[in-house]
$ cat start.cif   # mmCIF, N, CA and C atoms
data_structure
#
loop_
_atom_site.label_atom_id
_atom_site.label_comp_id
_atom_site.auth_asym_id
_atom_site.auth_seq_id
_atom_site.Cartn_x
_atom_site.Cartn_y
_atom_site.Cartn_z
N MET A 220 111.71 128.74 102.37
CA MET A 220 111.49 128.13 101.06
C MET A 220 110.06 127.60 100.94
N ARG A 221 109.56 127.04 102.03
CA ARG A 221 108.19 126.52 101.98
C ARG A 221 107.21 127.63 101.62
N ARG A 222 107.43 128.80 102.18
CA ARG A 222 106.54 129.93 101.90
C ARG A 222 106.58 130.27 100.41
N ALA A 223 107.73 130.18 99.77
CA ALA A 223 107.83 130.47 98.33
C ALA A 223 106.97 129.49 97.53
N TRP A 224 107.00 128.22 97.92
CA TRP A 224 106.17 127.22 97.25
C TRP A 224 104.70 127.53 97.46
N ALA A 225 104.32 127.80 98.70
CA ALA A 225 102.92 128.09 99.02
C ALA A 225 102.45 129.36 98.32
N ASP A 226 103.28 130.39 98.32
CA ASP A 226 102.89 131.65 97.68
C ASP A 226 102.72 131.48 96.17
N ALA A 227 103.62 130.76 95.55
CA ALA A 227 103.51 130.53 94.11
C ALA A 227 102.21 129.79 93.79
N TRP A 228 101.91 128.76 94.57
CA TRP A 228 100.69 127.99 94.32
C TRP A 228 99.45 128.84 94.57
N ARG A 229 99.45 129.63 95.64
CA ARG A 229 98.33 130.51 95.94
C ARG A 229 98.11 131.50 94.80
N LYS A 230 99.20 132.13 94.35
CA LYS A 230 99.09 133.09 93.25
C LYS A 230 98.53 132.43 91.99
N HIS A 231 98.98 131.22 91.72
CA HIS A 231 98.47 130.49 90.56
C HIS A 231 96.96 130.27 90.71
N CYS A 232 96.53 129.81 91.87
CA CYS A 232 95.11 129.53 92.11
C CYS A 232 94.26 130.79 92.03
N GLU A 233 94.85 131.94 92.34
CA GLU A 233 94.15 133.22 92.31
C GLU A 233 94.34 133.96 90.98
N ASN A 234 95.00 133.31 90.02
CA ASN A 234 95.28 133.91 88.71
C ASN A 234 96.05 135.22 88.81
N VAL A 235 96.98 135.28 89.75
CA VAL A 235 97.86 136.43 89.91
C VAL A 235 99.10 136.18 89.05
N PRO A 236 99.62 137.20 88.38
CA PRO A 236 100.83 136.99 87.57
C PRO A 236 101.98 136.39 88.39
N LEU A 237 102.72 135.51 87.74
CA LEU A 237 103.81 134.78 88.39
C LEU A 237 105.16 135.22 87.82
N THR A 238 106.18 135.13 88.66
CA THR A 238 107.54 135.34 88.20
C THR A 238 107.98 134.09 87.43
N PRO A 239 109.08 134.17 86.70
CA PRO A 239 109.55 132.96 86.00
C PRO A 239 109.81 131.78 86.96
N LEU A 240 110.40 132.04 88.11
CA LEU A 240 110.64 130.96 89.07
C LEU A 240 109.32 130.41 89.59
N GLU A 241 108.37 131.28 89.87
CA GLU A 241 107.07 130.80 90.35
C GLU A 241 106.38 129.94 89.29
N ARG A 242 106.54 130.27 88.02
CA ARG A 242 105.96 129.43 86.97
C ARG A 242 106.60 128.03 86.98
N GLN A 243 107.89 127.97 87.23
CA GLN A 243 108.55 126.67 87.32
C GLN A 243 108.03 125.89 88.53
N ILE A 244 107.87 126.57 89.64
CA ILE A 244 107.33 125.93 90.85
C ILE A 244 105.94 125.38 90.59
N VAL A 245 105.08 126.20 90.00
CA VAL A 245 103.71 125.79 89.72
C VAL A 245 103.68 124.58 88.78
N ALA A 246 104.55 124.55 87.80
CA ALA A 246 104.59 123.41 86.88
C ALA A 246 104.87 122.11 87.64
N VAL A 247 105.76 122.17 88.62
CA VAL A 247 106.07 120.98 89.42
C VAL A 247 104.88 120.63 90.31
N VAL A 248 104.28 121.62 90.95
CA VAL A 248 103.14 121.37 91.85
C VAL A 248 101.97 120.78 91.07
N GLU A 249 101.73 121.26 89.86
CA GLU A 249 100.63 120.72 89.05
C GLU A 249 100.80 119.23 88.78
N GLU A 250 102.04 118.77 88.71
CA GLU A 250 102.29 117.35 88.47
C GLU A 250 102.22 116.52 89.75
N HIS A 251 101.98 117.18 90.87
CA HIS A 251 101.89 116.48 92.15
C HIS A 251 100.62 116.88 92.89
N PRO A 252 99.47 116.45 92.39
CA PRO A 252 98.21 116.82 93.05
C PRO A 252 98.13 116.33 94.49
N GLU A 253 98.88 115.28 94.80
CA GLU A 253 98.86 114.75 96.16
C GLU A 253 99.48 115.71 97.17
N TYR A 254 100.21 116.71 96.72
CA TYR A 254 100.85 117.67 97.61
C TYR A 254 100.18 119.04 97.59
N GLN A 255 99.21 119.26 96.74
CA GLN A 255 98.65 120.60 96.60
C GLN A 255 97.98 121.09 97.88
N ASP A 256 97.23 120.24 98.56
CA ASP A 256 96.61 120.66 99.83
C ASP A 256 97.65 120.93 100.90
N THR A 257 98.75 120.18 100.86
CA THR A 257 99.84 120.38 101.82
C THR A 257 100.37 121.79 101.74
N LEU A 258 100.49 122.32 100.54
CA LEU A 258 101.02 123.67 100.36
C LEU A 258 100.13 124.72 101.00
N VAL A 259 98.86 124.40 101.13
CA VAL A 259 97.90 125.34 101.68
C VAL A 259 97.69 125.10 103.17
N GLN A 260 97.64 123.85 103.58
CA GLN A 260 97.19 123.52 104.93
C GLN A 260 98.29 123.10 105.90
N GLU A 261 99.41 122.61 105.41
CA GLU A 261 100.40 122.01 106.32
C GLU A 261 101.79 122.58 106.13
N ILE A 262 101.91 123.87 105.95
CA ILE A 262 103.21 124.46 105.62
C ILE A 262 104.24 124.29 106.74
N ASP A 263 103.80 124.20 107.99
CA ASP A 263 104.73 124.09 109.11
C ASP A 263 104.95 122.66 109.59
N ARG A 264 104.36 121.69 108.93
CA ARG A 264 104.49 120.30 109.36
C ARG A 264 105.94 119.83 109.24
N GLU A 265 106.35 119.01 110.19
CA GLU A 265 107.68 118.41 110.16
C GLU A 265 107.60 117.07 109.43
N TYR A 266 108.59 116.82 108.60
CA TYR A 266 108.66 115.57 107.84
C TYR A 266 109.95 114.86 108.22
N THR A 267 109.83 113.86 109.06
CA THR A 267 111.00 113.10 109.50
C THR A 267 110.88 111.67 108.98
N PRO A 268 112.01 111.00 108.81
CA PRO A 268 111.95 109.60 108.37
C PRO A 268 111.09 108.74 109.31
N ALA A 269 111.13 109.04 110.60
CA ALA A 269 110.36 108.25 111.56
C ALA A 269 108.85 108.39 111.34
N ALA A 270 108.43 109.53 110.81
CA ALA A 270 107.01 109.76 110.58
C ALA A 270 106.50 108.98 109.37
N GLY A 271 107.42 108.55 108.51
CA GLY A 271 107.05 107.72 107.37
C GLY A 271 106.38 108.44 106.22
N ARG A 272 106.46 109.76 106.20
CA ARG A 272 105.87 110.52 105.10
C ARG A 272 106.96 111.20 104.31
N THR A 273 106.77 111.23 103.01
CA THR A 273 107.71 111.93 102.13
C THR A 273 107.58 113.43 102.37
N ASN A 274 108.71 114.10 102.40
CA ASN A 274 108.70 115.56 102.52
C ASN A 274 108.36 116.11 101.12
N PRO A 275 107.16 116.68 100.97
CA PRO A 275 106.77 117.14 99.63
C PRO A 275 107.65 118.27 99.11
N TYR A 276 108.15 119.11 100.01
CA TYR A 276 108.99 120.22 99.58
C TYR A 276 110.33 119.71 99.06
N LEU A 277 110.88 118.73 99.74
CA LEU A 277 112.13 118.12 99.28
C LEU A 277 111.90 117.44 97.93
N HIS A 278 110.84 116.65 97.85
CA HIS A 278 110.58 115.92 96.61
C HIS A 278 110.41 116.88 95.43
N MET A 279 109.57 117.88 95.60
CA MET A 279 109.32 118.81 94.50
C MET A 279 110.55 119.68 94.23
N GLY A 280 111.32 119.97 95.27
CA GLY A 280 112.56 120.72 95.09
C GLY A 280 113.58 119.94 94.27
N LEU A 281 113.60 118.63 94.45
CA LEU A 281 114.49 117.80 93.64
C LEU A 281 114.08 117.83 92.17
N HIS A 282 112.76 117.85 91.91
CA HIS A 282 112.30 118.00 90.53
C HIS A 282 112.81 119.32 89.95
N LEU A 283 112.67 120.38 90.72
CA LEU A 283 113.09 121.71 90.24
C LEU A 283 114.59 121.74 89.99
N GLY A 284 115.36 121.15 90.91
CA GLY A 284 116.81 121.10 90.74
C GLY A 284 117.22 120.28 89.54
N LEU A 285 116.56 119.15 89.35
CA LEU A 285 116.87 118.30 88.20
C LEU A 285 116.56 119.02 86.89
N ARG A 286 115.44 119.71 86.84
CA ARG A 286 115.09 120.43 85.62
C ARG A 286 116.11 121.53 85.32
N ASP A 287 116.63 122.15 86.36
CA ASP A 287 117.67 123.16 86.15
C ASP A 287 118.94 122.50 85.62
N GLN A 288 119.29 121.34 86.16
CA GLN A 288 120.47 120.62 85.67
C GLN A 288 120.32 120.28 84.19
N VAL A 289 119.15 119.82 83.82
CA VAL A 289 118.91 119.45 82.42
C VAL A 289 118.97 120.69 81.54
N ALA A 290 118.37 121.78 81.97
CA ALA A 290 118.35 123.01 81.18
C ALA A 290 119.74 123.58 80.96
N THR A 291 120.61 123.41 81.95
CA THR A 291 121.98 123.94 81.84
C THR A 291 122.99 122.88 81.44
N ASP A 292 122.53 121.63 81.30
CA ASP A 292 123.38 120.48 80.97
C ASP A 292 124.57 120.39 81.92
N ARG A 293 124.26 120.47 83.21
CA ARG A 293 125.30 120.32 84.22
C ARG A 293 124.85 119.31 85.24
N PRO A 294 125.53 118.24 85.43
CA PRO A 294 126.81 117.94 84.80
C PRO A 294 126.65 117.70 83.29
N ALA A 295 127.72 117.98 82.58
CA ALA A 295 127.71 117.84 81.13
C ALA A 295 127.28 116.43 80.74
N GLY A 296 126.28 116.35 79.91
CA GLY A 296 125.77 115.06 79.46
C GLY A 296 124.41 114.71 80.04
N ILE A 297 123.99 115.41 81.08
CA ILE A 297 122.72 115.06 81.73
C ILE A 297 121.53 115.31 80.81
N ALA A 298 121.61 116.33 79.96
CA ALA A 298 120.49 116.61 79.06
C ALA A 298 120.28 115.46 78.08
N ALA A 299 121.36 114.90 77.59
CA ALA A 299 121.26 113.76 76.66
C ALA A 299 120.69 112.53 77.37
N VAL A 300 121.16 112.28 78.59
CA VAL A 300 120.65 111.15 79.36
C VAL A 300 119.16 111.34 79.63
N TYR A 301 118.77 112.55 79.96
CA TYR A 301 117.37 112.87 80.20
C TYR A 301 116.52 112.52 78.96
N GLY A 302 116.98 112.94 77.80
CA GLY A 302 116.26 112.64 76.57
C GLY A 302 116.09 111.15 76.34
N VAL A 303 117.15 110.39 76.58
CA VAL A 303 117.09 108.94 76.43
C VAL A 303 116.08 108.34 77.41
N LEU A 304 116.12 108.80 78.65
CA LEU A 304 115.23 108.24 79.67
C LEU A 304 113.77 108.61 79.42
N VAL A 305 113.53 109.81 78.95
CA VAL A 305 112.15 110.19 78.62
C VAL A 305 111.62 109.27 77.51
N ASN A 306 112.45 109.01 76.51
CA ASN A 306 112.04 108.08 75.45
C ASN A 306 111.88 106.67 75.98
N GLN A 307 112.80 106.26 76.83
CA GLN A 307 112.77 104.89 77.37
C GLN A 307 111.52 104.65 78.22
N PHE A 308 111.18 105.60 79.08
CA PHE A 308 110.03 105.42 79.97
C PHE A 308 108.73 105.91 79.35
N GLY A 309 108.84 106.71 78.28
CA GLY A 309 107.64 107.20 77.62
C GLY A 309 106.88 108.23 78.42
N ASP A 310 107.51 108.76 79.47
CA ASP A 310 106.84 109.72 80.34
C ASP A 310 107.90 110.56 81.03
N ARG A 311 107.85 111.86 80.83
CA ARG A 311 108.85 112.77 81.40
C ARG A 311 108.86 112.70 82.92
N HIS A 312 107.69 112.64 83.52
CA HIS A 312 107.60 112.64 84.98
C HIS A 312 108.20 111.35 85.57
N VAL A 313 107.91 110.25 84.96
CA VAL A 313 108.48 108.97 85.42
C VAL A 313 110.00 109.00 85.29
N ALA A 314 110.49 109.50 84.16
CA ALA A 314 111.94 109.61 83.96
C ALA A 314 112.56 110.49 85.04
N GLU A 315 111.91 111.60 85.36
CA GLU A 315 112.44 112.48 86.40
C GLU A 315 112.49 111.77 87.74
N HIS A 316 111.47 111.02 88.07
CA HIS A 316 111.48 110.30 89.35
C HIS A 316 112.65 109.32 89.43
N ARG A 317 112.92 108.64 88.36
CA ARG A 317 114.05 107.70 88.36
C ARG A 317 115.37 108.46 88.51
N MET A 318 115.47 109.60 87.82
CA MET A 318 116.69 110.41 87.91
C MET A 318 116.84 111.02 89.31
N ILE A 319 115.73 111.39 89.92
CA ILE A 319 115.76 111.97 91.26
C ILE A 319 116.30 110.97 92.27
N ASP A 320 116.02 109.70 92.06
CA ASP A 320 116.60 108.68 92.95
C ASP A 320 118.12 108.77 92.92
N CYS A 321 118.69 108.93 91.74
CA CYS A 321 120.16 109.06 91.61
C CYS A 321 120.65 110.35 92.24
N LEU A 322 119.92 111.43 92.02
CA LEU A 322 120.30 112.71 92.60
C LEU A 322 120.26 112.65 94.12
N ALA A 323 119.20 112.07 94.68
CA ALA A 323 119.07 111.97 96.13
C ALA A 323 120.20 111.14 96.73
N GLU A 324 120.54 110.04 96.07
CA GLU A 324 121.64 109.20 96.55
C GLU A 324 122.96 109.97 96.53
N THR A 325 123.18 110.72 95.48
CA THR A 325 124.41 111.51 95.36
C THR A 325 124.47 112.59 96.44
N LEU A 326 123.36 113.25 96.68
CA LEU A 326 123.32 114.28 97.73
C LEU A 326 123.50 113.66 99.12
N TRP A 327 122.91 112.50 99.33
CA TRP A 327 123.05 111.82 100.62
C TRP A 327 124.52 111.47 100.87
N GLU A 328 125.18 110.93 99.85
CA GLU A 328 126.61 110.60 99.99
C GLU A 328 127.43 111.85 100.31
N ALA A 329 127.15 112.94 99.65
CA ALA A 329 127.90 114.19 99.91
C ALA A 329 127.66 114.65 101.35
N GLY A 330 126.45 114.55 101.81
CA GLY A 330 126.15 114.94 103.19
C GLY A 330 126.82 114.03 104.20
N ARG A 331 126.86 112.75 103.90
CA ARG A 331 127.47 111.79 104.81
C ARG A 331 128.97 112.03 104.96
N THR A 332 129.60 112.45 103.88
CA THR A 332 131.06 112.67 103.92
C THR A 332 131.41 114.14 104.11
N ALA A 333 130.40 114.98 104.25
CA ALA A 333 130.60 116.43 104.38
C ALA A 333 131.41 116.98 103.21
N GLY A 334 131.18 116.40 102.03
CA GLY A 334 131.88 116.84 100.83
C GLY A 334 130.91 117.43 99.82
N THR A 335 131.41 117.65 98.64
CA THR A 335 130.56 118.14 97.56
C THR A 335 130.03 116.94 96.77
N PRO A 336 128.88 117.10 96.14
CA PRO A 336 128.35 115.99 95.34
C PRO A 336 129.33 115.62 94.22
N ASP A 337 129.49 114.33 94.02
CA ASP A 337 130.38 113.81 93.00
C ASP A 337 129.62 113.75 91.67
N GLU A 338 129.84 114.77 90.82
CA GLU A 338 129.11 114.87 89.56
C GLU A 338 129.41 113.70 88.63
N THR A 339 130.64 113.23 88.65
CA THR A 339 131.01 112.11 87.78
C THR A 339 130.24 110.86 88.18
N ARG A 340 130.22 110.58 89.46
CA ARG A 340 129.50 109.39 89.94
C ARG A 340 128.00 109.52 89.70
N TYR A 341 127.49 110.72 89.90
CA TYR A 341 126.08 111.00 89.64
C TYR A 341 125.73 110.73 88.18
N LEU A 342 126.53 111.25 87.27
CA LEU A 342 126.27 111.05 85.85
C LEU A 342 126.38 109.56 85.49
N GLU A 343 127.33 108.86 86.09
CA GLU A 343 127.46 107.42 85.84
C GLU A 343 126.20 106.68 86.28
N ARG A 344 125.65 107.06 87.41
CA ARG A 344 124.39 106.43 87.87
C ARG A 344 123.28 106.67 86.86
N LEU A 345 123.19 107.90 86.38
CA LEU A 345 122.16 108.24 85.41
C LEU A 345 122.35 107.47 84.12
N GLN A 346 123.60 107.36 83.68
CA GLN A 346 123.88 106.63 82.43
C GLN A 346 123.51 105.15 82.56
N ARG A 347 123.71 104.59 83.75
CA ARG A 347 123.31 103.19 83.96
C ARG A 347 121.79 103.02 83.78
N LEU A 348 121.03 104.01 84.20
CA LEU A 348 119.58 103.96 84.01
C LEU A 348 119.23 103.92 82.53
N ALA A 349 120.00 104.61 81.74
CA ALA A 349 119.71 104.78 80.31
C ALA A 349 120.12 103.57 79.48
N ARG A 350 120.79 102.60 80.07
CA ARG A 350 121.22 101.42 79.32
C ARG A 350 120.12 100.41 79.20
#

$ encode --input "start.cif" --output "structure tokens"
Amino acid sequence: MRRAWADAWRKHCENVPLTPLERQIVAVVEEHPEYQDTLVQEIDREYTPAAGRTNPYLHMGLHLGLRDQVATDRPAGIAAVYGVLVNQFGDRHVAEHRMIDCLAETLWEAGRTAGTPDETRYLERLQRLAR
């Protein structure tokens, strides 16, 4: 997956035509200039909690996943919550970061219990943000 991120960014920088997925990847990377060199220089680096650095691939992947959820409105209602939060924060990227916190917590819980993510609980977390 890291190679897909790096290849999309390289193609963008070289003005090579992109696939639809690569265009989505590039849109996320453009909003994260702090990770752009990482895609070129540190593709094999390990990101562990002990190292104290955010995993840029995980972070940007959560943006991509969230945008897909909003585009497909799954879980049902997330697109409306997204709209409210974008208006509330006045910035789409800031709203996404707040929503990603809820998504990450939901995914962590699913991993801890070896279950599937609880969409109802996830949506409730998001709705609390929108209040």

$ resolve_selection --input "start.cif" --expression "the PyMOL selection byres ((chain A and resi 348) around 8)" --output "list in words"
Val300, Val303, Leu304, Arg317, Met318, Leu342, Glu343, Arg344, Leu345, Gln346, Arg347, Ala349 and Arg350 of chain A

$ resolve_selection --input "start.cif" --expression "the PyMOL selection byres ((chain A and resi 252-261) around 8)" --output "list of chain:residue names"
A:Arg221, A:Trp224, A:Ala225, A:Asp226, A:Trp228, A:Arg229, A:Val247, A:Val248, A:Glu249, A:Glu250, A:His251, A:Ile262, A:Asp263, A:Arg264, A:Glu265, A:Pro275, A:Tyr276

$ atom_distance --input "start.cif" --atom1 "CA of Leu322 (chain A)" --atom2 "CA of Ala270 (chain A)"
22.6 Å

$ select_by_dssp --input "start.cif" --residues "chain A" --states "helix (DSSP H, G or I)" --output "JSON, numbers by chain"
{"A": [221, 222, 223, 224, 225, 226, 227, 228, 229, 230, 231, 232, 239, 240, 241, 242, 243, 244, 245, 246, 247, 248, 249, 252, 253, 254, 255, 256, 257, 258, 259, 260, 268, 269, 270, 275, 276, 277, 278, 279, 280, 281, 282, 283, 284, 285, 286, 287, 288, 289, 290, 291, 297, 298, 299, 300, 301, 302, 303, 304, 305, 306, 307, 308, 311, 312, 313, 314, 315, 316, 317, 318, 319, 320, 321, 322, 323, 324, 325, 326, 327, 328, 329, 330, 331, 332, 338, 339, 340, 341, 342, 343, 344, 345, 346, 347, 348]}

$ atom_distance --input "start.cif" --atom1 "CA of Ala314 (chain A)" --atom2 "atom N of Glu241 (chain A)"
22.7 Å

$ atom_distance --input "start.cif" --atom1 "atom C of Ala333 (chain A)" --atom2 "CA of Cys321 (chain A)"
18.0 Å

$ closest_residue --input "start.cif" --among "A:Thr339, A:Asn274, A:Thr267, A:Thr325" --to "Ile297 (chain A)" --atoms "only C-alpha atoms"
A:Thr339

$ decode --input "start.cif" --residues "region 254-271 of chain A" --atoms "N, CA, C and O atoms" --output "CSV table (one decimal), in the first residue's frame"
chain,number,residue,atom,x,y,z
A,254,TYR,N,4.0,15.3,5.1
A,254,TYR,CA,4.3,13.9,4.8
A,254,TYR,C,4.8,13.7,3.4
A,254,TYR,O,5.2,12.6,3.0
A,255,GLN,N,4.9,14.8,2.6
A,255,GLN,CA,5.2,14.6,1.2
A,255,GLN,C,6.6,14.0,1.0
A,255,GLN,O,6.9,13.2,0.2
A,256,ASP,N,7.6,14.5,1.8
A,256,ASP,CA,9.0,14.0,1.6
A,256,ASP,C,9.0,12.5,2.1
A,256,ASP,O,9.8,11.7,1.6
A,257,THR,N,8.2,12.2,3.1
A,257,THR,CA,8.2,10.8,3.6
A,257,THR,C,7.8,9.9,2.5
A,257,THR,O,8.4,8.8,2.4
A,258,LEU,N,6.9,10.2,1.6
A,258,LEU,CA,6.5,9.4,0.5
A,258,LEU,C,7.6,9.1,-0.4
A,258,LEU,O,7.6,8.1,-1.1
A,259,VAL,N,8.6,10.0,-0.5
A,259,VAL,CA,9.7,9.9,-1.4
A,259,VAL,C,10.9,9.2,-0.8
A,259,VAL,O,11.6,8.4,-1.3
A,260,GLN,N,11.1,9.6,0.5
A,260,GLN,CA,12.4,9.2,1.1
A,260,GLN,C,12.3,8.1,2.2
A,260,GLN,O,13.3,7.5,2.5
A,261,GLU,N,11.2,7.9,2.8
A,261,GLU,CA,11.1,7.0,3.9
A,261,GLU,C,10.0,5.9,3.8
A,261,GLU,O,9.4,5.6,4.7
A,262,ILE,N,9.9,5.4,2.6
A,262,ILE,CA,8.8,4.4,2.4
A,262,ILE,C,8.9,3.2,3.2
A,262,ILE,O,7.9,2.6,3.6
A,263,ASP,N,10.1,2.8,3.6
A,263,ASP,CA,10.3,1.5,4.4
A,263,ASP,C,10.4,1.8,5.9
A,263,ASP,O,10.6,0.8,6.7
A,264,ARG,N,10.2,3.0,6.3
A,264,ARG,CA,10.4,3.3,7.8
A,264,ARG,C,9.3,2.7,8.6
A,264,ARG,O,8.1,2.6,8.2
A,265,GLU,N,9.6,2.2,9.8
A,265,GLU,CA,8.7,1.6,10.7
A,265,GLU,C,8.1,2.7,11.6
A,265,GLU,O,8.9,3.6,12.0
A,266,TYR,N,6.8,2.7,11.8
A,266,TYR,CA,6.1,3.7,12.7
A,266,TYR,C,5.5,2.9,13.8
A,266,TYR,O,4.5,2.3,13.6
A,267,THR,N,6.1,3.0,15.0
A,267,THR,CA,5.6,2.3,16.1
A,267,THR,C,5.2,3.4,17.2
A,267,THR,O,5.8,4.5,17.2
A,268,PRO,N,4.3,3.0,18.1
A,268,PRO,CA,3.9,4.0,19.1
A,268,PRO,C,5.2,4.4,20.0
A,268,PRO,O,5.3,5.5,20.4
A,269,ALA,N,6.1,3.5,20.2
A,269,ALA,CA,7.3,3.8,21.0
A,269,ALA,C,8.1,4.8,20.3
A,269,ALA,O,8.8,5.6,21.0
A,270,ALA,N,8.1,4.9,19.0
A,270,ALA,CA,8.9,5.9,18.3
A,270,ALA,C,8.4,7.3,18.4
A,270,ALA,O,9.1,8.2,18.1
A,271,GLY,N,7.1,7.4,18.7
A,271,GLY,CA,6.5,8.7,18.9
A,271,GLY,C,6.2,9.5,17.7
A,271,GLY,O,5.9,10.7,17.8
